[in-house]
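Input: a single structure, listed below in structure tokens.
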Amino acid sequence: MGHPSHIFLFAFLSIAVALGLVGNTPVKADDALVQHYLDKVAPGELVPGAEAFGPLKNDFPVVPALKGKDTLGWVYLTSDFVSTTGYSGKPIHTLVGVDKDAVITGVRLVKHSEPIVLIGIPDKKIRAVTEGYAGLDLKAEAASGGSAHDLDIISGATVTIMVIDDSIIRSGLKVARTLGLGGLASEVAQSGPKKEVDTDKRDISDWTTLTGDGSVRRLSLDVAQINESFVAQGDKRAIGRPEKGPETDTFIDLYLALADVPSIGLSLLGEAEYANLMARMKDGDHAILVTGRGRYSFKGSGYVRGGIFDRIQLIQDDVSVRFHDRQHNRVGTIAADGAPAFSEMDLFIIPADSGFDPAKEFRLQLLVQRPVGPIEKVFLTFDLGYRLPDSYLKTVTPAAAPAASEQTENTVSAKDRGVQELWKRIWNDRKTDVLILAAAIAVLTLVFFFQMQVTRHERFTFWFRIGFLTFTLVWLGWMENAQLSVVNVLAFFSALTSDFSWDAFLMDPLVFLLWFSVAAALLFWGRGAYCGWLCPFGALQELTNRIAKLCRIPQIEVPWGLHERLWPVKYIIFLGLFGLSLYSLDIAEHYAEVEPFKTAIILKFQRAWPFVLFVVALLAAGLFIERFYCRYLCPLGAALAIPARLRMFDWLKRYRECGNPCNRCAKECMVQAIHPEGNINPNECLNCLHCQVLYQHDQKCPVCIKKLAKRRRFEVQTGLVKPDTKAKAETPVSAT
């Protein structure tokens, strides 16, 4: 056992593994992320003719692109200005160059973590689309509200492309306006009266009144209009596949309203639903109600839990909001008298840090897609404009505008506060999920602490384990995507040489809880608490093997000599990945695909066939050799097994006779973690507790059988039992 100080140091580091994922939270211009990516791209690739990058601007996260001493343009990273969170939940980092005429001169995608891009879509295709933004005139985008260009969407990567497009346009407009490029004026605070929502107005109106005065706005498209729009677009594939049916049939009938405005919200939602909405919202949040009917869904059938609604986005000047599931809530019915029936009724919360102003005009952009092949689609966009009627607004006189430097500082600080508070909102929104996982971990902890009482009943232990593993696979894995990875460990060691954000890791509550529990469990029970009970892929292996046994598929017992030489392979894989991460974390993450977790758990086998074939091969091997991948190949298991040697307690009970002469536990151990001499290898043990079932089994353990026989003889001799039970008491029970 290690020195206590070493143990607690490791505990801290283990928890830091959980909290140490690299984050991107710019606090000041000096800490701008753009500085970390400039070495990936030559200056001339972003601004033609440039030979070097100049120093970071003091009050704004941009760098000049220089030719000699002349500034030819400016370079910035989209993530320093706008949200670039993609389907993966991680930022998509893009470097952009812009000249003095507010024309984008070059774009390079420098880092992303989009899993959807890996599903049969070459990375070069995404990069080609991104680089195609060179030549885009931001002056035209400013005049049109960001819609002057055509969106080139790649089928299968809709969200990714839309996030990249939005981040380039919105951040470009912010940079151009702040620097005054191309004559674009910098936006400053109003010095005169300003309008805001009158929260004291709480009149109740019917549906006719709400639609008549503009409180509820409508976009209605029939089949003929959709077909004509695709004809106007000119794509022959889309034209050749028109929407079928009568031309007057409704394609989509879409309605929009600002639901947090008291009069509108109370009229449409009713008092109870409106109160629930306001309880969910934080200070500064706003909400829209979107309802629809017709053939086309504004949510889409492809939407999944944890994902993004890719068919709608809110746009207001430079502000763009794309909605995630945590910002969404279904509505049961529309309370306003005379409201029609809708097939979809949903509330979407607009975060406070988005910069949205309810008193200004905005639009909801609808993406309409038409399949033109097995996976290919063609896209069109339609806008539903909205402006809150003046009757819901009141005039206020704002305070004096701050100085320019103060304004920049305030903007950055507000963004920081928004990011820092976002994780709290996420935890609050996922309160139920957090409580479920916390309860599961608490139950598992009690099982480990009272393992002798739990394992006293073999049948109960068996079904409890099957039930828990099913919960781990289905809910924790496939539904919540809470699968830990060796990449998390590699990221921690990489972060030791750079900055990392605690807030970034807190963005995923379930992963945070899992890593925290792993860090604590390593000190008490070793790696088995996670690998044996809370790993979704481990659960998948074990459950499929159970089915194989029910089907009487023969099980292969690996000879001990060969087994000893195979289980170190996972340590070699881990050390190889660790060495690669010291050179390049990106390369290490690529080779970490030796983990099947992303394919089997995160993407649920919806991936290119080589990845699926690899996982199927591992699971097929596991049908004959229980937990084959865990035993011999898992680098995450190896990473957790190394500190498992520092655990402070030996919980698993053994007899002196274990291993000499009895080897029953060793033969029945599912991963052969028990040596022939009876010792349990903590590096390999998964804490399934089967050996503890055998430890007190009076029909399988020779020691227990002898104790039971001795007790029965004593009871007969002392008259505690009738003499006719003597023969039965002295009859030995088989201990094969």
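Chains: A, B, ... in order of the structure tokens. Residues: from 1 per chain. Ligands: from 1, in order shown.
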Compile the contact shell of range 667-681 of chain A as a PyMOL selection string: residues with an atom at most 9 Å away, counting only C-alpha atoms, same-chain residues fewer than 6 positions apart removed.
-> chain A and resi 557-558+560+563+625-628+630-631+652+654-661+688+690-691
Extract, using only C-alpha atoms, all DNA, RNA and protein residues at most 6 Å from range 66-75 of chain A, discarding same-chain residues fewer than 5 positions from it, and format them as a PyMOL selection string.
-> chain A and resi 50-53+96-100
Using N, CA and C atoms, can you export the residues from the last selection as a short mmCIF file (atom, residue, chain, number, x, y, z; two decimals), in the first residue's frame?
```
data_model
loop_
_atom_site.label_atom_id
_atom_site.label_comp_id
_atom_site.auth_asym_id
_atom_site.auth_seq_id
_atom_site.Cartn_x
_atom_site.Cartn_y
_atom_site.Cartn_z
N ALA A 50 -0.06 37.93 -47.37
CA ALA A 50 0.47 38.13 -46.02
C ALA A 50 1.66 37.21 -45.77
N GLU A 51 2.63 37.73 -45.02
CA GLU A 51 3.85 36.97 -44.74
C GLU A 51 3.98 36.59 -43.27
N ALA A 52 3.26 37.27 -42.41
CA ALA A 52 3.38 36.99 -40.97
C ALA A 52 2.14 37.49 -40.25
N PHE A 53 1.96 36.94 -39.04
CA PHE A 53 0.90 37.43 -38.16
C PHE A 53 1.50 38.44 -37.20
N VAL A 96 -10.48 32.53 -39.66
CA VAL A 96 -11.03 33.31 -40.77
C VAL A 96 -10.16 34.54 -41.00
N GLY A 97 -9.89 34.83 -42.27
CA GLY A 97 -9.20 36.06 -42.64
C GLY A 97 -10.17 37.01 -43.33
N VAL A 98 -10.06 38.30 -43.03
CA VAL A 98 -10.94 39.30 -43.64
C VAL A 98 -10.12 40.54 -43.97
N ASP A 99 -10.40 41.15 -45.13
CA ASP A 99 -9.61 42.31 -45.53
C ASP A 99 -10.28 43.61 -45.11
N LYS A 100 -9.68 44.72 -45.50
CA LYS A 100 -10.18 46.03 -45.07
C LYS A 100 -11.51 46.40 -45.71
#
```
Spatial neighbours of Pro351 in chain A, max dist 9 Å, only C-alpha atoms, sep filter under 4 positions, as a ChimeraX atom specification | /A:281-282,284-287,321,327,355-356,418,422
Compile the contact shell of Thr94 in chain A as a ChimeraX atom specification: residues with an atom at most 7 Å away, counting only C-alpha atoms, same-chain residues fewer than 6 positions apart removed.
-> /A:77-78,107-110
The residue from A:Val82, A:Ala529, A:Leu577, A:Leu522 with the smallest atom-to-atom distance to Met648 in chain A, counting only C-alpha atoms, is A:Leu522
Give me the range 572-622 of chain A side of the contact with range 546-551 of chain A, cut-off 12 Å, one line per residue showing its nearest atom pair and distance in Å at one decimal, counting only C-alpha atoms, sorted by chain and residue number, as a tab-separated table.
```
residue	atom	partner	partner_atom	distance
A:Leu619	CA	A:Ala548	CA	10.8
A:Ala620	CA	A:Ala548	CA	9.8
A:Ala621	CA	A:Ala548	CA	11.0
A:Gly622	CA	A:Ala548	CA	9.2
```
Would you mind reading off the distance between CA of Asp166 in chain A and CA of Ala359 in chain A, one decimal, in Å?
->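 If I compute the distance from CA of Asp166 in chain A to CA of Ala359 in chain A, I get 22.6 Å.
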Please run DSSP on the backbone and report, as a PyMOL selection string, all residues within range 337-570 of chain A that come out as alpha helix (DSSP H).
-> chain A and resi 404-429+431-449+451-454+458-471+486-495+502-506+509-524+528-531+536-550+560-566+569-570
Using only C-alpha atoms, which of the listed residues (A:Leu510, A:His324, A:Pro554, A:Phe624) sits closest to Arg430 in chain A?
->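 For Arg430 in chain A, the nearest of the given residues is A:Leu510.
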Go through A:Ala134, A:Leu173, A:Val378, A:Leu347 one by one, measure the shortest atom-to-atom distance of each to Asp317 in chain A using only C-alpha atoms, and give the residue with the smallest value.
->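 Of A:Ala134, A:Leu173, A:Val378, A:Leu347, the one nearest Asp317 in chain A, counting only C-alpha atoms, is A:Leu173.
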Which residue gives the smallest distance to Glu131 in chain A among A:Glu376, A:Asp213, A:Glu45, A:Asp198, with only C-alpha atoms counted?
->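 Once distances to Glu131 in chain A are computed over only C-alpha atoms, the minimum belongs to A:Glu45.
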Could you work out how far CA of Gly338 in chain A lies from CA of Leu366 in chain A, giving the answer in Å with one decimal?
->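 So the two atoms, CA of Leu366 in chain A and CA of Gly338 in chain A, lie 25.7 Å apart.
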